$ cat model-v1.csv   # CSV, C-alpha atoms and all ligand atoms
chain,number,residue,atom,x,y,z
U,1,VAL,CA,220.2,-16.5,-169.3
U,2,ASP,CA,219.0,-17.8,-166.0
U,3,PRO,CA,220.7,-21.2,-165.3
U,4,PHE,CA,217.4,-22.7,-164.1
U,5,LEU,CA,215.5,-21.7,-167.2
U,6,LYS,CA,218.3,-22.8,-169.4
U,7,LEU,CA,218.5,-26.3,-167.8
U,8,ALA,CA,214.7,-26.6,-167.8
U,9,LYS,CA,214.7,-26.1,-171.6
U,10,GLN,CA,217.5,-28.7,-172.0
U,11,LYS,CA,215.4,-31.2,-170.0
U,12,GLN,CA,212.1,-30.5,-171.8
U,13,LYS,CA,212.3,-33.4,-174.3
U,14,ALA,CA,212.8,-35.9,-171.5
U,15,GLN,CA,210.2,-34.2,-169.4
U,16,ILE,CA,207.6,-34.5,-172.2
U,17,ALA,CA,208.5,-38.2,-172.7
U,18,PHE,CA,208.0,-38.8,-168.9
U,19,LEU,CA,204.6,-36.9,-169.1
U,20,LYS,CA,203.6,-39.0,-172.0
U,21,GLU,CA,204.3,-42.2,-170.0
U,22,MET,CA,202.2,-40.9,-167.2
U,23,VAL,CA,199.2,-39.9,-169.3
U,24,GLU,CA,199.3,-43.2,-171.2
U,25,LEU,CA,198.7,-45.0,-167.9
U,26,GLU,CA,195.0,-44.2,-167.3
U,27,THR,CA,194.3,-43.8,-163.6
U,28,PRO,CA,190.6,-43.3,-162.8
U,29,SER,CA,189.9,-42.8,-159.1
U,30,GLY,CA,189.3,-46.1,-157.4
U,31,ASP,CA,191.0,-48.3,-160.0
U,32,GLN,CA,193.5,-50.0,-157.7
U,33,ALA,CA,195.3,-51.9,-160.4
U,34,ALA,CA,195.7,-48.9,-162.6
U,35,ILE,CA,197.0,-46.7,-159.8
U,36,GLY,CA,199.3,-49.4,-158.7
U,37,LYS,CA,200.8,-49.5,-162.1
U,38,PHE,CA,201.2,-45.7,-162.1
U,39,ASN,CA,202.9,-45.8,-158.7
U,40,ARG,CA,205.4,-48.4,-160.0
U,41,LEU,CA,206.2,-46.1,-163.0
U,42,LEU,CA,207.0,-43.2,-160.6
U,43,LYS,CA,209.1,-45.5,-158.4
U,44,SER,CA,211.2,-46.6,-161.3
U,45,ARG,CA,211.5,-43.1,-162.9
U,46,LEU,CA,212.6,-41.6,-159.6
U,47,LYS,CA,215.4,-44.0,-158.8
U,48,GLY,CA,218.5,-42.1,-157.6
U,49,LEU,CA,216.5,-38.9,-157.1
U,50,ALA,CA,214.0,-39.8,-154.4
U,51,VAL,CA,212.9,-42.5,-152.0
U,52,VAL,CA,209.3,-43.4,-152.9
U,53,LYS,CA,207.1,-44.9,-150.2
U,54,GLU,CA,203.6,-46.2,-150.9
U,55,VAL,CA,201.3,-45.9,-147.9
U,56,PRO,CA,197.9,-47.6,-147.4
U,57,GLY,CA,195.3,-46.2,-149.8
U,58,GLN,CA,197.9,-46.2,-152.6
U,59,HIS,CA,199.2,-42.7,-151.8
U,60,LEU,CA,202.8,-41.9,-152.4
U,61,VAL,CA,205.2,-40.1,-150.1
U,62,ILE,CA,208.2,-39.1,-152.2
U,63,ASP,CA,211.2,-38.0,-150.3
U,64,PHE,CA,213.7,-36.2,-152.6
U,65,GLN,CA,217.4,-36.8,-151.8
U,66,LEU,CA,218.8,-33.3,-152.5
U,67,GLY,CA,221.7,-33.7,-150.1
U,68,GLY,CA,220.8,-30.8,-147.9
U,69,ARG,CA,220.3,-30.8,-144.1
U,70,SER,CA,216.8,-31.2,-142.9
U,71,ASN,CA,215.8,-28.1,-141.1
U,72,GLY,CA,212.1,-28.1,-141.7
U,73,GLN,CA,210.1,-29.4,-144.7
U,74,ILE,CA,208.6,-28.3,-148.0
U,75,LEU,CA,205.6,-30.3,-149.0
U,76,ALA,CA,204.4,-30.5,-152.6
U,77,LEU,CA,200.9,-31.9,-153.4
U,78,ALA,CA,199.7,-33.7,-156.4
U,79,HIS,CA,197.4,-36.7,-157.2
U,80,SER,CA,197.7,-39.9,-159.3
U,81,ASP,CA,193.9,-40.2,-160.0
U,82,THR,CA,192.1,-38.5,-162.8
U,83,VAL,CA,188.4,-38.0,-163.6
U,84,TRP,CA,188.8,-39.9,-166.8
U,85,ALA,CA,187.4,-43.5,-167.2
U,86,LYS,CA,189.5,-46.3,-168.5
U,87,GLY,CA,189.2,-46.4,-172.3
U,88,THR,CA,189.4,-42.7,-172.8
U,89,LEU,CA,192.8,-42.8,-174.4
U,90,PRO,CA,191.8,-44.1,-177.8
U,91,ASN,CA,189.5,-41.1,-178.3
U,92,MET,CA,191.8,-38.6,-176.5
U,93,PRO,CA,195.3,-39.9,-177.1
U,94,PHE,CA,198.4,-38.1,-175.8
U,95,LYS,CA,199.6,-35.9,-178.6
U,96,GLN,CA,201.7,-32.8,-179.3
U,97,PHE,CA,199.7,-30.4,-181.5
U,98,LYS,CA,199.4,-26.7,-182.0
U,99,GLY,CA,202.0,-25.9,-179.3
U,100,ARG,CA,200.2,-27.9,-176.7
U,101,LEU,CA,200.3,-31.4,-175.1
U,102,TRP,CA,196.9,-33.1,-175.1
U,103,GLY,CA,195.4,-36.1,-173.2
U,104,PRO,CA,193.5,-37.2,-170.2
U,105,GLY,CA,195.1,-35.9,-167.0
U,106,VAL,CA,197.9,-34.0,-168.8
U,107,LEU,CA,197.0,-30.7,-167.1
U,108,ASP,CA,195.2,-32.1,-164.0
U,109,ILE,CA,197.7,-33.0,-162.7
U,110,LYS,CA,200.3,-35.2,-164.4
U,111,GLY,CA,202.0,-32.2,-166.0
U,112,GLY,CA,202.4,-30.7,-162.6
U,113,ILE,CA,204.1,-33.9,-161.4
U,114,ALA,CA,206.4,-33.8,-164.4
U,115,GLN,CA,207.3,-30.2,-163.7
U,116,PHE,CA,208.1,-30.8,-160.0
U,117,VAL,CA,210.2,-33.9,-160.6
U,118,THR,CA,212.2,-32.1,-163.3
U,119,ALA,CA,212.7,-29.2,-161.0
U,120,MET,CA,214.1,-31.4,-158.3
U,121,GLN,CA,216.4,-33.1,-160.8
U,122,MET,CA,217.6,-29.6,-161.7
U,123,LEU,CA,218.4,-28.7,-158.1
U,124,LEU,CA,220.4,-31.9,-157.7
U,125,GLU,CA,222.3,-31.4,-161.0
U,126,LEU,CA,223.0,-27.7,-160.3
U,127,GLY,CA,224.2,-28.6,-156.8
U,128,VAL,CA,221.8,-26.1,-155.2
U,129,PRO,CA,221.7,-26.7,-151.4
U,130,VAL,CA,218.2,-27.1,-150.0
U,131,GLY,CA,218.2,-27.0,-146.2
U,132,LYS,CA,214.8,-28.6,-145.8
U,133,ASN,CA,213.3,-32.0,-146.6
U,134,VAL,CA,211.4,-31.8,-149.9
U,135,VAL,CA,208.5,-34.2,-150.0
U,136,LEU,CA,206.0,-34.7,-152.9
U,137,GLN,CA,202.8,-36.4,-151.8
U,138,VAL,CA,200.7,-38.0,-154.5
U,139,ASN,CA,197.2,-38.8,-153.4
U,140,ALA,CA,195.1,-41.5,-155.1
U,141,ASP,CA,191.7,-40.1,-154.3
U,142,GLU,CA,191.8,-36.3,-154.9
U,143,GLU,CA,189.2,-36.3,-157.6
U,144,ILE,CA,186.6,-37.9,-155.4
U,145,GLY,CA,187.2,-35.4,-152.5
U,146,SER,CA,190.3,-37.0,-150.8
U,147,PRO,CA,188.2,-38.9,-148.3
U,148,HIS,CA,191.1,-41.3,-147.5
U,149,SER,CA,194.2,-39.1,-148.0
U,150,ARG,CA,193.0,-36.1,-146.1
U,151,SER,CA,194.4,-37.2,-142.7
U,152,LEU,CA,197.8,-38.0,-144.4
U,153,THR,CA,197.8,-34.6,-146.0
U,154,GLU,CA,197.1,-32.9,-142.7
U,155,THR,CA,199.7,-34.9,-140.9
U,156,MET,CA,202.3,-34.1,-143.5
U,157,ALA,CA,201.3,-30.4,-143.5
U,158,HIS,CA,201.7,-30.1,-139.7
U,159,THR,CA,205.5,-30.7,-140.0
U,160,SER,CA,205.9,-28.5,-143.1
U,161,ASP,CA,206.9,-24.8,-143.4
U,162,ALA,CA,205.2,-24.3,-146.8
U,163,VAL,CA,202.9,-26.3,-149.1
U,164,LEU,CA,203.2,-26.0,-152.9
U,165,VAL,CA,200.1,-27.4,-154.8
U,166,LEU,CA,200.8,-28.6,-158.3
U,167,GLU,CA,197.3,-28.1,-159.6
U,168,PRO,CA,197.1,-26.1,-162.9
U,169,GLY,CA,197.2,-22.3,-162.8
U,170,SER,CA,194.0,-20.3,-163.5
U,171,GLY,CA,193.3,-19.7,-167.2
U,172,LEU,CA,195.8,-19.4,-170.0
U,173,GLU,CA,197.7,-16.8,-167.9
U,174,GLY,CA,198.4,-19.6,-165.4
U,175,LYS,CA,197.5,-17.4,-162.4
U,176,LEU,CA,198.6,-18.8,-159.1
U,177,LYS,CA,195.8,-19.5,-156.6
U,178,THR,CA,195.9,-17.9,-153.2
U,179,ALA,CA,192.3,-18.6,-152.1
U,180,ARG,CA,189.8,-21.3,-152.7
U,181,LYS,CA,186.2,-21.7,-151.5
U,182,GLY,CA,185.2,-24.3,-149.0
U,183,ILE,CA,183.0,-27.0,-150.3
U,184,ALA,CA,180.1,-28.6,-148.4
U,185,ASP,CA,177.5,-31.2,-149.4
U,186,PHE,CA,174.0,-30.8,-148.1
U,187,GLN,CA,171.1,-33.2,-148.4
U,188,LEU,CA,167.4,-32.4,-147.9
U,189,GLN,CA,165.1,-35.3,-147.4
U,190,VAL,CA,161.4,-34.6,-147.7
U,191,THR,CA,158.9,-37.1,-146.4
U,192,GLY,CA,155.3,-36.9,-147.4
U,193,ILE,CA,152.4,-39.2,-147.3
U,194,ALA,CA,151.8,-41.7,-150.1
U,195,ALA,CA,148.3,-42.1,-151.5
U,196,HIS,CA,146.4,-43.3,-154.6
U,197,ALA,CA,146.4,-40.3,-157.0
U,198,GLY,CA,142.9,-41.1,-158.2
U,199,VAL,CA,141.1,-42.6,-155.2
U,200,ASP,CA,142.6,-40.9,-152.2
U,201,PHE,CA,144.2,-37.7,-153.6
U,202,SER,CA,143.5,-35.5,-150.6
U,203,LYS,CA,144.9,-38.0,-148.1
U,204,GLY,CA,148.2,-37.7,-149.8
U,205,ALA,CA,150.9,-35.1,-149.1
U,206,SER,CA,153.3,-34.9,-152.0
U,207,ALA,CA,157.0,-34.9,-151.2
U,208,ILE,CA,157.7,-33.7,-154.7
U,209,VAL,CA,155.5,-30.7,-154.5
U,210,GLU,CA,156.9,-29.9,-151.1
U,211,ALA,CA,160.5,-30.3,-152.5
U,212,ALA,CA,159.7,-27.9,-155.3
U,213,HIS,CA,158.8,-25.2,-152.7
U,214,GLN,CA,162.0,-25.9,-150.7
U,215,ILE,CA,164.2,-25.8,-153.8
U,216,GLN,CA,163.0,-22.2,-154.4
U,217,SER,CA,164.0,-21.2,-150.9
U,218,ILE,CA,167.4,-23.1,-151.1
U,219,ALA,CA,168.2,-21.4,-154.4
U,220,LYS,CA,167.8,-18.1,-152.7
U,221,PHE,CA,170.6,-18.9,-150.3
U,222,THR,CA,173.1,-18.1,-153.1
U,223,ASN,CA,174.8,-14.8,-152.7
U,224,LEU,CA,177.0,-14.1,-155.7
U,225,LYS,CA,178.3,-10.8,-154.3
U,226,GLN,CA,179.6,-12.7,-151.2
U,227,GLY,CA,180.8,-15.6,-153.3
U,228,VAL,CA,178.4,-18.0,-151.7
U,229,THR,CA,176.8,-20.5,-154.1
U,230,VAL,CA,174.1,-23.1,-153.3
U,231,ASN,CA,173.3,-25.6,-156.1
U,232,PRO,CA,170.5,-28.1,-155.8
U,233,GLY,CA,172.2,-30.5,-158.3
U,234,VAL,CA,170.4,-33.7,-157.9
U,235,ILE,CA,166.7,-34.5,-157.1
U,236,GLN,CA,165.3,-38.0,-156.7
U,237,GLY,CA,161.8,-38.9,-155.7
U,238,GLY,CA,158.5,-40.6,-156.4
U,239,THR,CA,157.7,-44.0,-157.6
U,240,ARG,CA,154.9,-43.9,-160.2
U,241,ASP,CA,152.8,-41.1,-161.7
U,242,ASN,CA,149.6,-42.5,-160.1
U,243,VAL,CA,151.1,-42.4,-156.6
U,244,ILE,CA,151.5,-39.3,-154.5
U,245,ALA,CA,155.2,-39.2,-153.7
U,246,ALA,CA,156.2,-40.1,-150.2
U,247,ASN,CA,159.9,-39.3,-150.5
U,248,THR,CA,162.2,-36.9,-152.3
U,249,THR,CA,165.9,-36.3,-151.8
U,250,ILE,CA,167.8,-33.2,-152.9
U,251,ASP,CA,171.6,-33.1,-153.1
U,252,ILE,CA,173.0,-29.7,-152.8
U,253,ASP,CA,176.6,-28.4,-153.5
U,254,VAL,CA,177.6,-25.4,-151.3
U,255,ARG,CA,180.6,-23.2,-151.8
U,256,VAL,CA,181.7,-20.6,-149.3
U,257,PRO,CA,184.8,-18.3,-149.1
U,258,THR,CA,184.8,-18.3,-145.3
U,259,LYS,CA,183.9,-20.7,-142.5
U,260,GLU,CA,181.6,-18.0,-141.0
U,261,GLN,CA,179.5,-18.1,-144.1
U,262,TYR,CA,179.2,-21.8,-143.8
U,263,ILE,CA,178.0,-21.5,-140.3
U,264,ALA,CA,175.4,-19.0,-141.4
U,265,LEU,CA,174.2,-21.3,-144.2
U,266,GLU,CA,173.9,-24.2,-141.7
U,267,LYS,CA,171.5,-22.1,-139.8
U,268,LYS,CA,169.5,-21.2,-142.9
U,269,PHE,CA,169.2,-24.8,-143.8
U,270,ALA,CA,168.1,-25.7,-140.3
U,271,SER,CA,165.4,-23.1,-140.4
U,272,LEU,CA,163.6,-24.5,-143.4
U,273,LYS,CA,160.0,-25.2,-142.6
U,274,PRO,CA,157.6,-27.4,-144.6
U,275,LYS,CA,154.9,-25.5,-146.5
U,276,ASP,CA,152.6,-28.5,-146.1
U,277,ALA,CA,152.6,-29.2,-142.4
U,278,ARG,CA,152.0,-32.9,-143.2
U,279,CYS,CA,155.4,-33.2,-144.8
U,280,GLN,CA,158.7,-33.5,-142.9
U,281,LEU,CA,162.1,-32.1,-143.7
U,282,HIS,CA,165.4,-33.6,-142.7
U,283,VAL,CA,168.6,-31.7,-143.4
U,284,SER,CA,172.1,-33.1,-143.2
U,285,GLY,CA,175.3,-31.6,-144.4
U,286,GLN,CA,179.0,-31.3,-143.8
U,287,MET,CA,182.0,-29.3,-145.0
U,288,ASN,CA,184.2,-31.6,-147.1
U,289,ARG,CA,186.9,-29.1,-147.9
U,290,PRO,CA,187.3,-26.0,-145.6
U,291,PRO,CA,188.0,-22.7,-147.4
U,292,MET,CA,191.5,-21.7,-148.2
U,293,VAL,CA,191.6,-18.2,-147.0
U,294,ARG,CA,194.3,-15.8,-148.2
U,295,THR,CA,196.3,-15.1,-145.1
U,296,SER,CA,199.3,-12.7,-145.0
U,297,ALA,CA,201.6,-15.8,-145.0
U,298,ILE,CA,200.0,-17.0,-148.2
U,299,GLY,CA,200.4,-13.5,-149.6
U,300,GLN,CA,204.1,-13.5,-148.8
U,301,LEU,CA,204.5,-16.9,-150.4
U,302,PHE,CA,202.8,-15.5,-153.5
U,303,LYS,CA,205.1,-12.4,-153.5
U,304,LEU,CA,208.1,-14.7,-153.3
U,305,ALA,CA,206.9,-16.7,-156.3
U,306,GLN,CA,206.1,-13.5,-158.2
U,307,GLU,CA,209.6,-12.1,-157.5
U,308,LEU,CA,211.3,-15.3,-158.6
U,309,GLY,CA,209.1,-15.6,-161.7
U,310,GLY,CA,210.1,-12.0,-162.6
U,311,GLU,CA,213.7,-13.2,-162.9
U,312,ILE,CA,212.7,-15.5,-165.7
U,313,GLY,CA,210.3,-13.3,-167.5
U,314,LEU,CA,207.1,-14.5,-165.8
U,315,ASP,CA,204.5,-11.9,-164.8
U,316,LEU,CA,202.7,-14.0,-162.2
U,317,GLN,CA,199.3,-12.9,-161.0
U,318,GLU,CA,197.1,-14.4,-158.2
U,319,SER,CA,193.5,-15.6,-158.3
U,320,SER,CA,190.9,-17.2,-156.2
U,321,THR,CA,188.6,-20.1,-157.3
U,322,GLY,CA,185.5,-21.9,-156.3
U,323,GLY,CA,187.1,-25.3,-157.0
U,324,GLY,CA,188.8,-27.2,-154.2
U,325,SER,CA,192.1,-29.0,-153.9
U,326,ASP,CA,194.1,-30.6,-151.2
U,327,GLY,CA,195.5,-27.2,-150.6
U,328,ASN,CA,192.2,-26.4,-148.8
U,329,PHE,CA,193.2,-28.8,-146.0
U,330,THR,CA,196.7,-27.5,-145.5
U,331,ALA,CA,195.7,-23.8,-145.7
U,332,ALA,CA,193.0,-24.4,-143.1
U,333,LEU,CA,195.7,-25.7,-140.7
U,334,GLY,CA,197.4,-22.3,-141.1
U,335,ILE,CA,200.3,-23.7,-143.2
U,336,PRO,CA,201.3,-21.2,-145.9
U,337,THR,CA,200.0,-22.8,-149.1
U,338,LEU,CA,200.4,-21.7,-152.7
U,339,ASP,CA,198.3,-23.4,-155.3
U,340,GLY,CA,198.1,-23.4,-159.1
U,341,LEU,CA,201.9,-24.0,-159.4
U,342,GLY,CA,201.4,-26.8,-162.0
U,343,CYS,CA,201.0,-26.4,-165.7
U,344,VAL,CA,199.5,-23.6,-167.7
U,345,GLY,CA,196.7,-24.8,-170.0
U,346,GLU,CA,193.0,-25.3,-170.2
U,347,GLY,CA,190.2,-27.9,-170.2
U,348,ALA,CA,190.7,-29.7,-167.0
U,349,HIS,CA,188.0,-32.4,-166.7
U,350,ALA,CA,187.0,-31.6,-170.4
U,351,PRO,CA,187.9,-33.2,-173.8
U,352,HIS,CA,190.1,-30.2,-174.7
U,353,GLU,CA,192.4,-30.8,-171.7
U,354,SER,CA,195.8,-29.4,-172.7
U,355,VAL,CA,199.1,-27.9,-171.6
U,356,LEU,CA,201.0,-25.0,-173.2
U,357,ILE,CA,204.4,-26.4,-174.2
U,358,ASP,CA,206.2,-23.0,-174.1
U,359,GLN,CA,205.2,-22.5,-170.5
U,360,LEU,CA,206.7,-25.8,-169.3
U,361,ALA,CA,210.2,-24.6,-168.9
U,362,PRO,CA,209.5,-21.3,-167.1
U,363,ARG,CA,207.0,-23.0,-164.7
U,364,THR,CA,209.5,-25.8,-164.1
U,365,ALA,CA,212.3,-23.3,-163.4
U,366,LEU,CA,209.9,-21.4,-161.1
U,367,LEU,CA,209.4,-24.5,-159.0
U,368,ALA,CA,213.1,-25.1,-158.7
U,369,LYS,CA,213.7,-21.5,-157.7
U,370,LEU,CA,210.9,-21.6,-155.2
U,371,VAL,CA,212.1,-24.7,-153.5
U,372,ALA,CA,215.7,-23.3,-153.5
U,373,ALA,CA,214.5,-20.1,-151.9
U,374,LEU,CA,212.3,-21.7,-149.3
U,375,GLY,CA,215.1,-24.1,-148.5
U,376,GLU,CA,217.4,-21.2,-147.7
U,377,ALA,CA,215.2,-19.8,-145.0
U,401,ZN,ZN,193.7,-31.9,-159.8
$ encode --input "model-v1.csv" --output "structure tokens" --more "lines below"
Ligand SMILES: [Zn+2]
Amino acid sequence: VDPFLKLAKQKQKAQIAFLKEMVELETPSGDQAAIGKFNRLLKSRLKGLAVVKEVPGQHLVIDFQLGGRSNGQILALAHSDTVWAKGTLPNMPFKQFKGRLWGPGVLDIKGGIAQFVTAMQMLLELGVPVGKNVVLQVNADEEIGSPHSRSLTETMAHTSDAVLVLEPGSGLEGKLKTARKGIADFQLQVTGIAAHAGVDFSKGASAIVEAAHQIQSIAKFTNLKQGVTVNPGVIQGGTRDNVIAANTTIDIDVRVPTKEQYIALEKKFASLKPKDARCQLHVSGQMNRPPMVRTSAIGQLFKLAQELGGEIGLDLQESSTGGGSDGNFTAALGIPTLDGLGCVGEGAHAPHESVLIDQLAPRTALLAKLVAALGEA
């Protein structure tokens, strides 16, 4: 039996207990008291294994003390925040049931943290030399787009040789992620002319009717074959039904596999013309997460993981996704990034969020092997 897999199984009970502690501390994005508590839990549980530093914004930089020399750096990424509001636990308690662990944040991403911490404990106990710094960065704002932690992630990535993202794998096969779409938010503001709907109808120019035309055009920007999606997700406008609406705002979620496609879309948005010449259009938009494009270095990192997984009976596959992670930022800087290395399960952001228990040990062993192999280079 592989020594990593054997030790991971021995540690599973303690690992699940640690994961339970983390899940039972609810950590909605933006709840400073809750995230502070969570950070203190990590600090106390990592004593003797790592130096835990909290930086402004409540992000954690966790430096594992594996005894090796520091010739380069391996960066692992996770986050402390979840999408779940405080008070979710009573309806969705942590439990072990049907071969799975359940609870808010168990898959996204606290299980990933439990796996990585256990993997580092294993390296220390097995006396495996790691010739690189190993740092786990835990961001407090990932679920709201990482507005504050982004610069820290980029700074940390610049001095790293590889980035391992502890987000869940894809599907119940737990596929690794080697590409992610870029995510942009666009907003279209339509300005019309207000008028009394009964007295001055023809003096009005309805921003709502104009917006309805524009939405038809915008929806056509989607190109599923190319992986480009454009979703007008929120519209707001008008005041009363007897007033011709002067204002409408449309919020649009845009996903693109490449930066070039984003630039092409920007041009399309800029070329929108009002159908009613009395209305005005104002478009704004920006890329929040650049695309993670599968480079050959990312392909190599995946191959390494696949090879190491093969030693412990894992048949790892790769996948691409439309969802973003902090791996988008590091990959965009050209740092080899492998994502989806966290737990195997399903239901992230959904009430059936759960983790497959029998995949905990192999995925934990995989992380240990991956860090050991990267630390050799
Ligand atoms: Zn996540």
$ residues_near_ligand --input "model-v1.csv" --ligand "ligand ZN 401 (chain U)" --cutoff "10 Å" --atoms "only C-alpha atoms and all ligand atoms" --output "JSON list (two decimals) with C-alpha atoms, in the coordinates of the input"
[["chain", "number", "residue", "atom", "x", "y", "z"],
["U", 77, "LEU", "CA", 200.90, -31.90, -153.40],
["U", 78, "ALA", "CA", 199.70, -33.70, -156.40],
["U", 79, "HIS", "CA", 197.40, -36.70, -157.20],
["U", 80, "SER", "CA", 197.70, -39.90, -159.30],
["U", 81, "ASP", "CA", 193.90, -40.20, -160.00],
["U", 82, "THR", "CA", 192.10, -38.50, -162.80],
["U", 83, "VAL", "CA", 188.40, -38.00, -163.60],
["U", 105, "GLY", "CA", 195.10, -35.90, -167.00],
["U", 107, "LEU", "CA", 197.00, -30.70, -167.10],
["U", 108, "ASP", "CA", 195.20, -32.10, -164.00],
["U", 109, "ILE", "CA", 197.70, -33.00, -162.70],
["U", 110, "LYS", "CA", 200.30, -35.20, -164.40],
["U", 112, "GLY", "CA", 202.40, -30.70, -162.60],
["U", 142, "GLU", "CA", 191.80, -36.30, -154.90],
["U", 143, "GLU", "CA", 189.20, -36.30, -157.60],
["U", 165, "VAL", "CA", 200.10, -27.40, -154.80],
["U", 166, "LEU", "CA", 200.80, -28.60, -158.30],
["U", 167, "GLU", "CA", 197.30, -28.10, -159.60],
["U", 168, "PRO", "CA", 197.10, -26.10, -162.90],
["U", 323, "GLY", "CA", 187.10, -25.30, -157.00],
["U", 324, "GLY", "CA", 188.80, -27.20, -154.20],
["U", 325, "SER", "CA", 192.10, -29.00, -153.90],
["U", 326, "ASP", "CA", 194.10, -30.60, -151.20],
["U", 340, "GLY", "CA", 198.10, -23.40, -159.10],
["U", 342, "GLY", "CA", 201.40, -26.80, -162.00],
["U", 348, "ALA", "CA", 190.70, -29.70, -167.00],
["U", 349, "HIS", "CA", 188.00, -32.40, -166.70]]
$ residues_near_point --input "model-v1.csv" --point "(192.5, -24.4, -145.1)" --cutoff "12 Å" --atoms "only C-alpha atoms" --output "ChimeraX atom specification"
/U:150,153-154,157,163,178-183,257-259,287-295,298,324-339
$ atom_distance --input "model-v1.csv" --atom1 "CA of Val254 in chain U" --atom2 "CA of Ala184 in chain U"
5.0 Å
$ residues_around --input "model-v1.csv" --residues "range 43-54 of chain U" --least-positions-apart "2" --cutoff "10 Å" --atoms "all atoms listed in the file" --output "VMD selection string"
chain U and resid 18 36 to 41 56 to 66 117 120 to 121 124 134 to 138
$ atom_distance --input "model-v1.csv" --atom1 "CA of Ala264 in chain U" --atom2 "CA of Thr321 in chain U"
20.7 Å
$ residues_around --input "model-v1.csv" --residues "Leu7 in chain U" --least-positions-apart "6" --cutoff "9 Å" --atoms "all atoms listed in the file" --output "PyMOL selection string"
chain U and resi 122+126+361+365
$ residues_around --input "model-v1.csv" --residues "Glu24 in chain U" --least-positions-apart "4" --cutoff "8 Å" --atoms "only C-alpha atoms" --output "list in words"
Lys20, Leu89, Pro93 and Phe94 of chain U
$ closest_residue --input "model-v1.csv" --among "U:Gly67, U:Gln96, U:Leu301, U:Pro274" --to "Glu125 in chain U" --atoms "all atoms listed in the file"
U:Gly67
$ closest_residue --input "model-v1.csv" --among "U:Ala219, U:Ala33, U:Ile244, U:Leu341" --to "Lys175 in chain U" --atoms "all atoms listed in the file"
U:Leu341
$ residues_near_point --input "model-v1.csv" --point "(148.6, -42.5, -159.1)" --cutoff "10 Å" --atoms "only C-alpha atoms" --output "NGL selection string"
:U and (194-201 or 239-245)
$ write_last_selection --input "model-v1.csv" --atoms "C-alpha atoms" --output "short mmCIF file (atom, residue, chain, number, x, y, z; two decimals), in the frame of the given file"
data_model
loop_
_atom_site.label_atom_id
_atom_site.label_comp_id
_atom_site.auth_asym_id
_atom_site.auth_seq_id
_atom_site.Cartn_x
_atom_site.Cartn_y
_atom_site.Cartn_z
CA ALA U 194 151.80 -41.70 -150.10
CA ALA U 195 148.30 -42.10 -151.50
CA HIS U 196 146.40 -43.30 -154.60
CA ALA U 197 146.40 -40.30 -157.00
CA GLY U 198 142.90 -41.10 -158.20
CA VAL U 199 141.10 -42.60 -155.20
CA ASP U 200 142.60 -40.90 -152.20
CA PHE U 201 144.20 -37.70 -153.60
CA THR U 239 157.70 -44.00 -157.60
CA ARG U 240 154.90 -43.90 -160.20
CA ASP U 241 152.80 -41.10 -161.70
CA ASN U 242 149.60 -42.50 -160.10
CA VAL U 243 151.10 -42.40 -156.60
CA ILE U 244 151.50 -39.30 -154.50
CA ALA U 245 155.20 -39.20 -153.70
#
$ atom_distance --input "model-v1.csv" --atom1 "CA of Lys369 in chain U" --atom2 "CA of Gly171 in chain U"
22.6 Å
$ closest_residue --input "model-v1.csv" --among "U:Asp141, U:Thr159, U:Thr88, U:Leu164" --to "Lys177 in chain U" --atoms "all atoms listed in the file"
U:Leu164
$ closest_residue --input "model-v1.csv" --among "U:Leu366, U:Leu152, U:Leu101, U:Ile357" --to "Asp315 in chain U" --atoms "all atoms listed in the file"
U:Leu366
$ closest_residue --input "model-v1.csv" --among "U:Gly375, U:Gly174, U:Pro232, U:Gly227" --to "Asp161 in chain U" --atoms "only C-alpha atoms"
U:Gly375
$ build_atoms --input "model-v1.csv" --residues "range 239-244 of chain U" --atoms "N, CA, C and O atoms" --output "CSV table (one decimal), keeping the file's coordinate frame"
chain,number,residue,atom,x,y,z
U,239,THR,N,157.6,-42.6,-157.2
U,239,THR,CA,157.7,-44.0,-157.6
U,239,THR,C,157.0,-44.2,-159.0
U,239,THR,O,157.5,-44.6,-160.0
U,240,ARG,N,155.7,-43.8,-159.0
U,240,ARG,CA,154.9,-43.9,-160.2
U,240,ARG,C,154.0,-42.6,-160.3
U,240,ARG,O,153.7,-42.0,-159.3
U,241,ASP,N,153.6,-42.4,-161.5
U,241,ASP,CA,152.8,-41.1,-161.7
U,241,ASP,C,151.4,-41.2,-161.1
U,241,ASP,O,150.8,-40.2,-160.8
U,242,ASN,N,150.9,-42.4,-160.8
U,242,ASN,CA,149.6,-42.5,-160.1
U,242,ASN,C,149.7,-42.6,-158.6
U,242,ASN,O,148.8,-43.0,-157.9
U,243,VAL,N,150.9,-42.4,-158.1
U,243,VAL,CA,151.1,-42.4,-156.6
U,243,VAL,C,151.6,-41.1,-156.2
U,243,VAL,O,152.5,-40.5,-156.8
U,244,ILE,N,151.0,-40.6,-155.1
U,244,ILE,CA,151.5,-39.3,-154.5
U,244,ILE,C,152.8,-39.6,-153.8
U,244,ILE,O,152.8,-40.6,-153.0
